[in-house]
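Text of the file run.cif, holding mmCIF, N, CA and C atoms:
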```cif
data_my_file
loop_
_atom_site.label_atom_id
_atom_site.label_comp_id
_atom_site.auth_asym_id
_atom_site.auth_seq_id
_atom_site.Cartn_x
_atom_site.Cartn_y
_atom_site.Cartn_z
N GLN F 1211 0.83 -1.20 0.00
CA GLN F 1211 0.00 0.00 0.00
C GLN F 1211 0.86 1.24 0.00
N VAL F 1212 0.34 2.26 -0.64
CA VAL F 1212 1.01 3.56 -0.70
C VAL F 1212 0.02 4.63 -0.26
N GLN F 1213 0.47 5.50 0.59
CA GLN F 1213 -0.36 6.62 1.03
C GLN F 1213 0.23 7.92 0.48
N LEU F 1214 -0.65 8.79 0.06
CA LEU F 1214 -0.25 10.06 -0.52
C LEU F 1214 -0.89 11.20 0.25
N VAL F 1215 -0.08 12.15 0.65
CA VAL F 1215 -0.58 13.32 1.38
C VAL F 1215 -0.22 14.57 0.60
N GLU F 1216 -1.24 15.32 0.24
CA GLU F 1216 -1.05 16.52 -0.58
C GLU F 1216 -1.12 17.77 0.28
N SER F 1217 -0.48 18.81 -0.20
CA SER F 1217 -0.59 20.13 0.42
C SER F 1217 -0.48 21.18 -0.66
N GLY F 1218 -0.93 22.37 -0.33
CA GLY F 1218 -0.93 23.46 -1.28
C GLY F 1218 -2.31 23.65 -1.86
N GLY F 1219 -2.40 24.36 -2.94
CA GLY F 1219 -3.69 24.68 -3.53
C GLY F 1219 -4.29 25.91 -2.90
N GLY F 1220 -5.48 26.25 -3.35
CA GLY F 1220 -6.17 27.42 -2.82
C GLY F 1220 -6.74 28.29 -3.92
N LEU F 1221 -6.96 29.55 -3.57
CA LEU F 1221 -7.55 30.52 -4.49
C LEU F 1221 -6.49 31.52 -4.94
N VAL F 1222 -6.43 31.76 -6.23
CA VAL F 1222 -5.45 32.70 -6.78
C VAL F 1222 -6.06 33.42 -7.97
N GLN F 1223 -5.59 34.63 -8.21
CA GLN F 1223 -6.06 35.37 -9.38
C GLN F 1223 -5.37 34.88 -10.64
N ALA F 1224 -6.02 35.09 -11.76
CA ALA F 1224 -5.43 34.73 -13.04
C ALA F 1224 -4.07 35.41 -13.19
N GLY F 1225 -3.11 34.63 -13.69
CA GLY F 1225 -1.76 35.14 -13.83
C GLY F 1225 -0.87 34.84 -12.64
N GLY F 1226 -1.47 34.38 -11.57
CA GLY F 1226 -0.73 34.09 -10.35
C GLY F 1226 -0.09 32.72 -10.37
N SER F 1227 0.50 32.37 -9.21
CA SER F 1227 1.22 31.11 -9.08
C SER F 1227 0.78 30.37 -7.82
N LEU F 1228 0.91 29.06 -7.88
CA LEU F 1228 0.67 28.20 -6.74
C LEU F 1228 1.62 27.02 -6.81
N ARG F 1229 1.86 26.43 -5.65
CA ARG F 1229 2.72 25.24 -5.60
C ARG F 1229 1.97 24.13 -4.85
N LEU F 1230 1.95 22.96 -5.47
CA LEU F 1230 1.37 21.77 -4.85
C LEU F 1230 2.50 20.83 -4.46
N SER F 1231 2.32 20.19 -3.32
CA SER F 1231 3.30 19.21 -2.87
C SER F 1231 2.60 17.92 -2.48
N CYS F 1232 3.31 16.81 -2.66
CA CYS F 1232 2.75 15.51 -2.33
C CYS F 1232 3.86 14.63 -1.76
N ALA F 1233 3.56 13.97 -0.66
CA ALA F 1233 4.51 13.05 -0.04
C ALA F 1233 3.93 11.65 -0.04
N ALA F 1234 4.72 10.70 -0.48
CA ALA F 1234 4.30 9.31 -0.52
C ALA F 1234 4.96 8.53 0.61
N SER F 1235 4.23 7.59 1.16
CA SER F 1235 4.76 6.71 2.19
C SER F 1235 4.18 5.32 2.00
N GLY F 1236 4.85 4.35 2.62
CA GLY F 1236 4.40 2.97 2.49
C GLY F 1236 5.38 2.16 1.65
N SER F 1237 4.84 1.28 0.83
CA SER F 1237 5.67 0.38 0.02
C SER F 1237 6.04 1.07 -1.30
N ILE F 1238 7.10 1.84 -1.25
CA ILE F 1238 7.52 2.63 -2.41
C ILE F 1238 8.54 1.85 -3.22
N ALA F 1239 8.25 1.66 -4.48
CA ALA F 1239 9.17 0.97 -5.38
C ALA F 1239 10.32 1.90 -5.77
N SER F 1240 11.47 1.31 -6.04
CA SER F 1240 12.63 2.13 -6.39
C SER F 1240 12.46 2.81 -7.75
N ILE F 1241 11.68 2.18 -8.61
CA ILE F 1241 11.37 2.78 -9.91
C ILE F 1241 9.86 2.97 -9.98
N ASN F 1242 9.45 4.19 -10.16
CA ASN F 1242 8.01 4.46 -10.18
C ASN F 1242 7.75 5.76 -10.92
N ARG F 1243 6.50 6.09 -11.01
CA ARG F 1243 6.10 7.35 -11.61
C ARG F 1243 5.18 8.08 -10.64
N MET F 1244 5.43 9.33 -10.42
CA MET F 1244 4.57 10.17 -9.58
C MET F 1244 4.19 11.41 -10.34
N GLY F 1245 3.04 11.95 -10.00
CA GLY F 1245 2.65 13.16 -10.69
C GLY F 1245 1.30 13.68 -10.27
N TRP F 1246 0.71 14.47 -11.14
CA TRP F 1246 -0.52 15.18 -10.83
C TRP F 1246 -1.53 15.04 -11.96
N TYR F 1247 -2.76 14.82 -11.54
CA TYR F 1247 -3.91 14.83 -12.44
C TYR F 1247 -4.89 15.87 -11.90
N ARG F 1248 -5.85 16.24 -12.72
CA ARG F 1248 -6.87 17.17 -12.25
C ARG F 1248 -8.23 16.81 -12.82
N GLN F 1249 -9.25 17.25 -12.10
CA GLN F 1249 -10.61 17.01 -12.55
C GLN F 1249 -11.45 18.25 -12.28
N ALA F 1250 -11.94 18.83 -13.35
CA ALA F 1250 -12.83 19.98 -13.26
C ALA F 1250 -14.28 19.49 -13.21
N PRO F 1251 -15.18 20.28 -12.68
CA PRO F 1251 -16.59 19.87 -12.60
C PRO F 1251 -17.15 19.47 -13.95
N GLY F 1252 -17.75 18.31 -14.01
CA GLY F 1252 -18.37 17.84 -15.24
C GLY F 1252 -17.40 17.29 -16.27
N LYS F 1253 -16.13 17.18 -15.90
CA LYS F 1253 -15.13 16.69 -16.84
C LYS F 1253 -14.43 15.46 -16.28
N GLN F 1254 -13.77 14.74 -17.16
CA GLN F 1254 -13.01 13.58 -16.73
C GLN F 1254 -11.68 14.00 -16.13
N ARG F 1255 -11.16 13.14 -15.28
CA ARG F 1255 -9.83 13.39 -14.72
C ARG F 1255 -8.81 13.34 -15.85
N GLU F 1256 -7.87 14.28 -15.84
CA GLU F 1256 -6.87 14.33 -16.90
C GLU F 1256 -5.47 14.49 -16.31
N LEU F 1257 -4.51 14.00 -17.06
CA LEU F 1257 -3.11 14.14 -16.66
C LEU F 1257 -2.68 15.59 -16.77
N VAL F 1258 -1.96 16.04 -15.76
CA VAL F 1258 -1.36 17.38 -15.80
C VAL F 1258 0.14 17.25 -16.05
N ALA F 1259 0.81 16.52 -15.19
CA ALA F 1259 2.25 16.31 -15.32
C ALA F 1259 2.66 15.11 -14.50
N VAL F 1260 3.56 14.30 -15.04
CA VAL F 1260 4.10 13.16 -14.31
C VAL F 1260 5.60 13.13 -14.49
N MET F 1261 6.25 12.47 -13.54
CA MET F 1261 7.70 12.38 -13.60
C MET F 1261 8.14 11.02 -13.09
N PHE F 1262 9.06 10.40 -13.83
CA PHE F 1262 9.59 9.09 -13.47
C PHE F 1262 10.81 9.26 -12.56
N THR F 1263 11.14 8.20 -11.84
CA THR F 1263 12.30 8.26 -10.96
C THR F 1263 13.57 8.58 -11.73
N GLY F 1264 13.62 8.17 -13.00
CA GLY F 1264 14.81 8.43 -13.81
C GLY F 1264 14.91 9.87 -14.29
N GLY F 1265 13.83 10.65 -14.11
CA GLY F 1265 13.89 12.06 -14.47
C GLY F 1265 13.02 12.47 -15.65
N LYS F 1266 12.51 11.51 -16.40
CA LYS F 1266 11.67 11.85 -17.54
C LYS F 1266 10.37 12.51 -17.05
N ARG F 1267 9.98 13.55 -17.77
CA ARG F 1267 8.76 14.29 -17.45
C ARG F 1267 7.80 14.29 -18.64
N ASN F 1268 6.52 14.21 -18.33
CA ASN F 1268 5.48 14.37 -19.34
C ASN F 1268 4.51 15.44 -18.86
N TYR F 1269 4.15 16.34 -19.76
CA TYR F 1269 3.20 17.40 -19.44
C TYR F 1269 2.03 17.38 -20.41
N ALA F 1270 0.88 17.78 -19.91
CA ALA F 1270 -0.24 18.04 -20.79
C ALA F 1270 0.10 19.27 -21.63
N ASP F 1271 -0.35 19.26 -22.87
CA ASP F 1271 -0.06 20.39 -23.75
C ASP F 1271 -0.57 21.71 -23.16
N SER F 1272 -1.67 21.63 -22.44
CA SER F 1272 -2.30 22.84 -21.92
C SER F 1272 -1.48 23.52 -20.82
N VAL F 1273 -0.51 22.81 -20.25
CA VAL F 1273 0.26 23.39 -19.15
C VAL F 1273 1.74 23.57 -19.49
N LYS F 1274 2.15 23.10 -20.63
CA LYS F 1274 3.56 23.22 -21.02
C LYS F 1274 4.00 24.68 -21.02
N GLY F 1275 5.15 24.91 -20.43
CA GLY F 1275 5.67 26.27 -20.35
C GLY F 1275 5.15 27.06 -19.16
N ARG F 1276 4.14 26.54 -18.49
CA ARG F 1276 3.57 27.25 -17.33
C ARG F 1276 3.76 26.47 -16.03
N PHE F 1277 3.72 25.16 -16.11
CA PHE F 1277 3.85 24.32 -14.92
C PHE F 1277 5.18 23.57 -14.97
N THR F 1278 5.73 23.32 -13.80
CA THR F 1278 6.97 22.56 -13.70
C THR F 1278 6.82 21.51 -12.61
N ILE F 1279 7.10 20.26 -12.96
CA ILE F 1279 7.05 19.18 -11.98
C ILE F 1279 8.46 18.84 -11.54
N SER F 1280 8.60 18.54 -10.26
CA SER F 1280 9.89 18.13 -9.74
C SER F 1280 9.65 17.08 -8.65
N ARG F 1281 10.68 16.31 -8.36
CA ARG F 1281 10.54 15.29 -7.33
C ARG F 1281 11.85 15.08 -6.61
N ASP F 1282 11.73 14.56 -5.40
CA ASP F 1282 12.87 14.19 -4.60
C ASP F 1282 12.73 12.69 -4.34
N ASN F 1283 13.52 11.90 -5.02
CA ASN F 1283 13.38 10.44 -4.91
C ASN F 1283 13.73 9.95 -3.51
N ALA F 1284 14.66 10.60 -2.87
CA ALA F 1284 15.06 10.18 -1.53
C ALA F 1284 13.94 10.40 -0.52
N LYS F 1285 13.16 11.44 -0.73
CA LYS F 1285 12.08 11.77 0.20
C LYS F 1285 10.72 11.29 -0.29
N ASN F 1286 10.68 10.76 -1.52
CA ASN F 1286 9.41 10.30 -2.12
C ASN F 1286 8.38 11.42 -2.16
N THR F 1287 8.83 12.56 -2.63
CA THR F 1287 7.92 13.70 -2.77
C THR F 1287 7.90 14.17 -4.22
N VAL F 1288 6.79 14.78 -4.58
CA VAL F 1288 6.66 15.37 -5.91
C VAL F 1288 5.95 16.71 -5.75
N ASP F 1289 6.46 17.71 -6.44
CA ASP F 1289 5.90 19.05 -6.39
C ASP F 1289 5.45 19.50 -7.77
N LEU F 1290 4.49 20.39 -7.77
CA LEU F 1290 4.04 20.98 -9.02
C LEU F 1290 4.00 22.49 -8.85
N GLN F 1291 4.89 23.17 -9.52
CA GLN F 1291 4.91 24.62 -9.50
C GLN F 1291 4.08 25.11 -10.67
N MET F 1292 3.02 25.84 -10.35
CA MET F 1292 2.08 26.30 -11.37
C MET F 1292 2.20 27.81 -11.51
N GLY F 1293 2.42 28.26 -12.73
CA GLY F 1293 2.53 29.69 -13.00
C GLY F 1293 1.61 30.11 -14.12
N SER F 1294 1.45 31.42 -14.26
CA SER F 1294 0.57 31.98 -15.30
C SER F 1294 -0.78 31.28 -15.30
N LEU F 1295 -1.33 31.13 -14.11
CA LEU F 1295 -2.56 30.36 -13.98
C LEU F 1295 -3.72 31.03 -14.70
N LYS F 1296 -4.58 30.18 -15.23
CA LYS F 1296 -5.76 30.63 -15.97
C LYS F 1296 -7.02 30.10 -15.30
N PRO F 1297 -8.14 30.75 -15.52
CA PRO F 1297 -9.39 30.23 -14.93
C PRO F 1297 -9.67 28.78 -15.33
N GLU F 1298 -9.25 28.39 -16.51
CA GLU F 1298 -9.49 27.01 -16.95
C GLU F 1298 -8.60 26.00 -16.24
N ASP F 1299 -7.68 26.46 -15.42
CA ASP F 1299 -6.89 25.56 -14.58
C ASP F 1299 -7.63 25.18 -13.31
N THR F 1300 -8.76 25.80 -13.07
CA THR F 1300 -9.55 25.50 -11.88
C THR F 1300 -10.00 24.05 -11.89
N ALA F 1301 -9.69 23.34 -10.81
CA ALA F 1301 -10.01 21.91 -10.73
C ALA F 1301 -9.57 21.39 -9.36
N VAL F 1302 -9.95 20.15 -9.10
CA VAL F 1302 -9.36 19.43 -7.98
C VAL F 1302 -8.14 18.70 -8.52
N TYR F 1303 -7.02 18.92 -7.88
CA TYR F 1303 -5.76 18.32 -8.31
C TYR F 1303 -5.44 17.12 -7.42
N TYR F 1304 -5.11 16.01 -8.08
CA TYR F 1304 -4.84 14.76 -7.36
C TYR F 1304 -3.40 14.32 -7.58
N CYS F 1305 -2.75 13.98 -6.51
CA CYS F 1305 -1.43 13.37 -6.59
C CYS F 1305 -1.61 11.90 -6.97
N ASN F 1306 -0.70 11.41 -7.80
CA ASN F 1306 -0.77 10.03 -8.27
C ASN F 1306 0.57 9.35 -8.13
N TYR F 1307 0.50 8.10 -7.68
CA TYR F 1307 1.68 7.22 -7.65
C TYR F 1307 1.34 6.02 -8.51
N HIS F 1308 2.23 5.72 -9.45
CA HIS F 1308 1.99 4.62 -10.38
C HIS F 1308 3.18 3.67 -10.39
N TYR F 1309 2.87 2.37 -10.22
CA TYR F 1309 3.91 1.35 -10.31
C TYR F 1309 3.30 0.10 -10.90
N GLY F 1310 3.88 -0.40 -11.98
CA GLY F 1310 3.32 -1.58 -12.63
C GLY F 1310 1.92 -1.29 -13.12
N THR F 1311 0.97 -2.03 -12.61
CA THR F 1311 -0.42 -1.84 -13.01
C THR F 1311 -1.24 -1.12 -11.93
N ARG F 1312 -0.56 -0.65 -10.91
CA ARG F 1312 -1.26 -0.06 -9.77
C ARG F 1312 -1.16 1.45 -9.76
N ASP F 1313 -2.26 2.06 -9.38
CA ASP F 1313 -2.32 3.51 -9.19
C ASP F 1313 -2.85 3.80 -7.80
N TYR F 1314 -2.23 4.77 -7.16
CA TYR F 1314 -2.70 5.25 -5.87
C TYR F 1314 -2.95 6.76 -6.00
N TRP F 1315 -3.94 7.23 -5.24
CA TRP F 1315 -4.35 8.62 -5.37
C TRP F 1315 -4.38 9.33 -4.03
N GLY F 1316 -4.06 10.59 -4.05
CA GLY F 1316 -4.26 11.43 -2.89
C GLY F 1316 -5.72 11.82 -2.76
N GLN F 1317 -6.01 12.57 -1.72
CA GLN F 1317 -7.40 12.94 -1.45
C GLN F 1317 -7.88 14.09 -2.33
N GLY F 1318 -6.95 14.77 -2.97
CA GLY F 1318 -7.30 15.88 -3.85
C GLY F 1318 -7.22 17.22 -3.14
N THR F 1319 -6.80 18.23 -3.86
CA THR F 1319 -6.73 19.58 -3.32
C THR F 1319 -7.30 20.55 -4.35
N GLN F 1320 -8.11 21.47 -3.89
CA GLN F 1320 -8.80 22.38 -4.80
C GLN F 1320 -7.89 23.53 -5.20
N VAL F 1321 -7.86 23.79 -6.49
CA VAL F 1321 -7.20 24.97 -7.05
C VAL F 1321 -8.26 25.78 -7.77
N THR F 1322 -8.43 27.02 -7.37
CA THR F 1322 -9.41 27.89 -7.99
C THR F 1322 -8.71 29.14 -8.49
N VAL F 1323 -8.88 29.43 -9.78
CA VAL F 1323 -8.26 30.60 -10.39
C VAL F 1323 -9.38 31.56 -10.79
N SER F 1324 -9.36 32.74 -10.20
CA SER F 1324 -10.39 33.73 -10.51
C SER F 1324 -9.93 34.64 -11.64
N SER F 1325 -10.90 35.07 -12.42
CA SER F 1325 -10.57 35.93 -13.57
C SER F 1325 -10.59 37.40 -13.19
#
```

Entire entry expressed as structure tokens:
Amino acid sequence: QVQLVESGGGLVQAGGSLRLSCAASGSIASINRMGWYRQAPGKQRELVAVMFTGGKRNYADSVKGRFTISRDNAKNTVDLQMGSLKPEDTAVYYCNYHYGTRDYWGQGTQVTVSS
């Protein structure tokens, strides 16, 4: 089992910045993928950014150039620095841990961007 604890999020004006953090604990594999997904009201959950232990990063096209994902493998943490936020970034953001065929999720943190 893997437990994920998220922090950060909140309310920000368009153009502003926020930072999300997530800490994983439990049975952590040495090679894994951690990252962030989001779900807006009435929409499906979508990938925002993920990062592998080896350093490879994947971003959604909608956030490229604005968001930066980073991780500390020793601490099993992953952060998402969000900049130039837009109202369409408003969603519940979920931390994700992926290993093999298993996915674990955090409880979600609300990000609201006002126009």

Between F:Arg1248, F:Gly1293, F:Ile1279, F:Asp1313, which has the minimum distance to F:Arg1267 (counting all atoms listed in the file)?
F:Ile1279

For this file, the PyMOL selection byres (((chain F and resi 1298 and name CA) around 12) and name CA) selects which residues, as number ranges by chain?
F: 1223-1225, 1248-1251, 1253, 1272-1273, 1294-1297, 1299-1302, 1321-1325

Output check: residues returned by the PyMOL selection byres (((chain F and resi 1237 and name CA) around 8) and name CA), as a ChimeraX atom specification
/F:1211-1212,1235-1236,1238-1239

Rounded to one decimal in Å, what is the spacing between atom C of F:Asp1282 and atom CA of F:Gly1226?
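Those two atoms sit 26.0 Å apart.
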
Calculated over all atoms listed in the file, which of the candidates F:Gly1310, F:Leu1257, F:Lys1285, F:Gly1219 has the smallest distance to F:Ala1234?
F:Lys1285

Could you give me, as a ChimeraX atom specification, each residue of stretch 1214-1306 of chain F that DSSP assigns to strand (DSSP E) when run on this structure's backbone?
/F:1214-1218,1220-1223,1228-1236,1243-1249,1256-1262,1267-1269,1277-1282,1287-1292,1301-1306

Evaluate the PyMOL selection byres ((chain F and resi 1263) around 8) against this structure - the residues, as a PyMOL selection string, please.
chain F and resi 1240-1244+1260-1262+1264-1266+1282-1283

Any chance you can output those residues with N, CA and C atoms as an mmCIF file, in the frame of the given file?
```cif
data_model
loop_
_atom_site.group_PDB
_atom_site.id
_atom_site.type_symbol
_atom_site.label_atom_id
_atom_site.label_comp_id
_atom_site.auth_asym_id
_atom_site.auth_seq_id
_atom_site.Cartn_x
_atom_site.Cartn_y
_atom_site.Cartn_z
ATOM 1 N N SER F 1240 11.470 1.310 -6.040
ATOM 2 C CA SER F 1240 12.630 2.130 -6.390
ATOM 3 C C SER F 1240 12.460 2.810 -7.750
ATOM 4 N N ILE F 1241 11.680 2.180 -8.610
ATOM 5 C CA ILE F 1241 11.370 2.780 -9.910
ATOM 6 C C ILE F 1241 9.860 2.970 -9.980
ATOM 7 N N ASN F 1242 9.450 4.190 -10.160
ATOM 8 C CA ASN F 1242 8.010 4.460 -10.180
ATOM 9 C C ASN F 1242 7.750 5.760 -10.920
ATOM 10 N N ARG F 1243 6.500 6.090 -11.010
ATOM 11 C CA ARG F 1243 6.100 7.350 -11.610
ATOM 12 C C ARG F 1243 5.180 8.080 -10.640
ATOM 13 N N MET F 1244 5.430 9.330 -10.420
ATOM 14 C CA MET F 1244 4.570 10.170 -9.580
ATOM 15 C C MET F 1244 4.190 11.410 -10.340
ATOM 16 N N VAL F 1260 3.560 14.300 -15.040
ATOM 17 C CA VAL F 1260 4.100 13.160 -14.310
ATOM 18 C C VAL F 1260 5.600 13.130 -14.490
ATOM 19 N N MET F 1261 6.250 12.470 -13.540
ATOM 20 C CA MET F 1261 7.700 12.380 -13.600
ATOM 21 C C MET F 1261 8.140 11.020 -13.090
ATOM 22 N N PHE F 1262 9.060 10.400 -13.830
ATOM 23 C CA PHE F 1262 9.590 9.090 -13.470
ATOM 24 C C PHE F 1262 10.810 9.260 -12.560
ATOM 25 N N GLY F 1264 13.620 8.170 -13.000
ATOM 26 C CA GLY F 1264 14.810 8.430 -13.810
ATOM 27 C C GLY F 1264 14.910 9.870 -14.290
ATOM 28 N N GLY F 1265 13.830 10.650 -14.110
ATOM 29 C CA GLY F 1265 13.890 12.060 -14.470
ATOM 30 C C GLY F 1265 13.020 12.470 -15.650
ATOM 31 N N LYS F 1266 12.510 11.510 -16.400
ATOM 32 C CA LYS F 1266 11.670 11.850 -17.540
ATOM 33 C C LYS F 1266 10.370 12.510 -17.050
ATOM 34 N N ASP F 1282 11.730 14.560 -5.400
ATOM 35 C CA ASP F 1282 12.870 14.190 -4.600
ATOM 36 C C ASP F 1282 12.730 12.690 -4.340
ATOM 37 N N ASN F 1283 13.520 11.900 -5.020
ATOM 38 C CA ASN F 1283 13.380 10.440 -4.910
ATOM 39 C C ASN F 1283 13.730 9.950 -3.510
#
```

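Our summary of the geometry notes that atom C of F:Arg1229 is positioned 9.9 Å from atom C of F:Gln1320.
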
Hey, can you check how far atom CA of F:Leu1221 sits from atom N of F:His1308?
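So the two atoms, atom CA of F:Leu1221 and atom N of F:His1308, lie 27.1 Å apart.
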
Using all atoms listed in the file, determine which residues lie at most 6 Å from F:Val1288, disregarding the query and same-chain residues fewer than 3 positions distant; provide the list as a PyMOL selection string.
chain F and resi 1230-1233+1280-1282

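Considering the residues F:Asn1306, F:Thr1311, F:Thr1319, F:Thr1278 and counting all atoms listed in the file, F:Gly1245 has its shortest atom-to-atom contact with F:Asn1306.
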
List the neighbours of F:Gly1318 out to 8 Å using all atoms listed in the file; skip same-chain residues closer than 3 positions along the sequence, and give me the result as a count of residues only.
11

Among listed residues F:Gly1218, F:Ala1259, F:Leu1290, F:Tyr1269, nearest F:Tyr1247 (using only C-alpha atoms)
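Nearest candidate to F:Tyr1247 out of F:Gly1218, F:Ala1259, F:Leu1290, F:Tyr1269: F:Ala1259.
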
Missing atoms of stretch 1306-1314 of chain F rebuilt to all heavy atoms, written as an mmCIF file, in the coordinates of the input:
```cif
data_model
loop_
_atom_site.group_PDB
_atom_site.id
_atom_site.type_symbol
_atom_site.label_atom_id
_atom_site.label_comp_id
_atom_site.auth_asym_id
_atom_site.auth_seq_id
_atom_site.Cartn_x
_atom_site.Cartn_y
_atom_site.Cartn_z
ATOM 1 N N ASN F 1306 -0.700 11.410 -7.800
ATOM 2 C CA ASN F 1306 -0.770 10.030 -8.270
ATOM 3 C C ASN F 1306 0.570 9.350 -8.130
ATOM 4 O O ASN F 1306 1.618 9.926 -8.410
ATOM 5 C CB ASN F 1306 -1.209 10.023 -9.737
ATOM 6 C CG ASN F 1306 -1.106 8.653 -10.380
ATOM 7 O OD1 ASN F 1306 -0.125 8.348 -11.047
ATOM 8 N ND2 ASN F 1306 -2.112 7.832 -10.187
ATOM 9 N N TYR F 1307 0.500 8.100 -7.680
ATOM 10 C CA TYR F 1307 1.680 7.220 -7.650
ATOM 11 C C TYR F 1307 1.340 6.020 -8.510
ATOM 12 O O TYR F 1307 0.291 5.376 -8.329
ATOM 13 C CB TYR F 1307 1.969 6.796 -6.212
ATOM 14 C CG TYR F 1307 3.016 5.707 -6.088
ATOM 15 C CD1 TYR F 1307 4.355 6.033 -5.884
ATOM 16 C CD2 TYR F 1307 2.665 4.357 -6.156
ATOM 17 C CE1 TYR F 1307 5.319 5.051 -5.765
ATOM 18 C CE2 TYR F 1307 3.629 3.374 -6.045
ATOM 19 C CZ TYR F 1307 4.953 3.716 -5.843
ATOM 20 O OH TYR F 1307 5.909 2.737 -5.733
ATOM 21 N N HIS F 1308 2.230 5.720 -9.450
ATOM 22 C CA HIS F 1308 1.990 4.620 -10.380
ATOM 23 C C HIS F 1308 3.180 3.670 -10.390
ATOM 24 O O HIS F 1308 4.333 4.118 -10.523
ATOM 25 C CB HIS F 1308 1.763 5.163 -11.790
ATOM 26 C CG HIS F 1308 1.587 4.093 -12.829
ATOM 27 N ND1 HIS F 1308 0.372 3.471 -13.057
ATOM 28 C CD2 HIS F 1308 2.475 3.516 -13.659
ATOM 29 C CE1 HIS F 1308 0.523 2.566 -14.006
ATOM 30 N NE2 HIS F 1308 1.791 2.579 -14.397
ATOM 31 N N TYR F 1309 2.870 2.370 -10.220
ATOM 32 C CA TYR F 1309 3.910 1.350 -10.310
ATOM 33 C C TYR F 1309 3.300 0.100 -10.900
ATOM 34 O O TYR F 1309 2.290 -0.406 -10.360
ATOM 35 C CB TYR F 1309 4.498 1.058 -8.922
ATOM 36 C CG TYR F 1309 5.415 -0.125 -8.913
ATOM 37 C CD1 TYR F 1309 6.665 -0.056 -9.538
ATOM 38 C CD2 TYR F 1309 5.048 -1.332 -8.317
ATOM 39 C CE1 TYR F 1309 7.510 -1.138 -9.562
ATOM 40 C CE2 TYR F 1309 5.892 -2.417 -8.335
ATOM 41 C CZ TYR F 1309 7.125 -2.326 -8.957
ATOM 42 O OH TYR F 1309 7.965 -3.400 -8.984
ATOM 43 N N GLY F 1310 3.880 -0.400 -11.980
ATOM 44 C CA GLY F 1310 3.320 -1.580 -12.630
ATOM 45 C C GLY F 1310 1.920 -1.290 -13.120
ATOM 46 O O GLY F 1310 1.724 -0.397 -13.951
ATOM 47 N N THR F 1311 0.970 -2.030 -12.610
ATOM 48 C CA THR F 1311 -0.420 -1.840 -13.010
ATOM 49 C C THR F 1311 -1.240 -1.120 -11.930
ATOM 50 O O THR F 1311 -2.456 -1.033 -12.031
ATOM 51 C CB THR F 1311 -1.092 -3.184 -13.314
ATOM 52 O OG1 THR F 1311 -1.031 -3.999 -12.135
ATOM 53 C CG2 THR F 1311 -0.397 -3.896 -14.466
ATOM 54 N N ARG F 1312 -0.560 -0.650 -10.910
ATOM 55 C CA ARG F 1312 -1.260 -0.060 -9.770
ATOM 56 C C ARG F 1312 -1.160 1.450 -9.760
ATOM 57 O O ARG F 1312 -0.113 2.018 -10.063
ATOM 58 C CB ARG F 1312 -0.723 -0.615 -8.464
ATOM 59 C CG ARG F 1312 -0.986 -2.100 -8.286
ATOM 60 C CD ARG F 1312 -0.701 -2.553 -6.888
ATOM 61 N NE ARG F 1312 -1.097 -3.940 -6.670
ATOM 62 C CZ ARG F 1312 -1.042 -4.537 -5.501
ATOM 63 N NH1 ARG F 1312 -0.635 -3.875 -4.431
ATOM 64 N NH2 ARG F 1312 -1.419 -5.794 -5.382
ATOM 65 N N ASP F 1313 -2.260 2.060 -9.380
ATOM 66 C CA ASP F 1313 -2.320 3.510 -9.190
ATOM 67 C C ASP F 1313 -2.850 3.800 -7.800
ATOM 68 O O ASP F 1313 -3.810 3.192 -7.344
ATOM 69 C CB ASP F 1313 -3.250 4.165 -10.222
ATOM 70 C CG ASP F 1313 -2.591 4.346 -11.567
ATOM 71 O OD1 ASP F 1313 -1.731 5.244 -11.687
ATOM 72 O OD2 ASP F 1313 -2.906 3.570 -12.483
ATOM 73 N N TYR F 1314 -2.230 4.770 -7.160
ATOM 74 C CA TYR F 1314 -2.700 5.250 -5.870
ATOM 75 C C TYR F 1314 -2.950 6.760 -6.000
ATOM 76 O O TYR F 1314 -2.252 7.449 -6.752
ATOM 77 C CB TYR F 1314 -1.671 4.987 -4.768
ATOM 78 C CG TYR F 1314 -1.433 3.516 -4.521
ATOM 79 C CD1 TYR F 1314 -0.485 2.814 -5.244
ATOM 80 C CD2 TYR F 1314 -2.174 2.829 -3.547
ATOM 81 C CE1 TYR F 1314 -0.272 1.460 -5.018
ATOM 82 C CE2 TYR F 1314 -1.965 1.481 -3.311
ATOM 83 C CZ TYR F 1314 -1.014 0.804 -4.060
ATOM 84 O OH TYR F 1314 -0.808 -0.533 -3.834
#
```
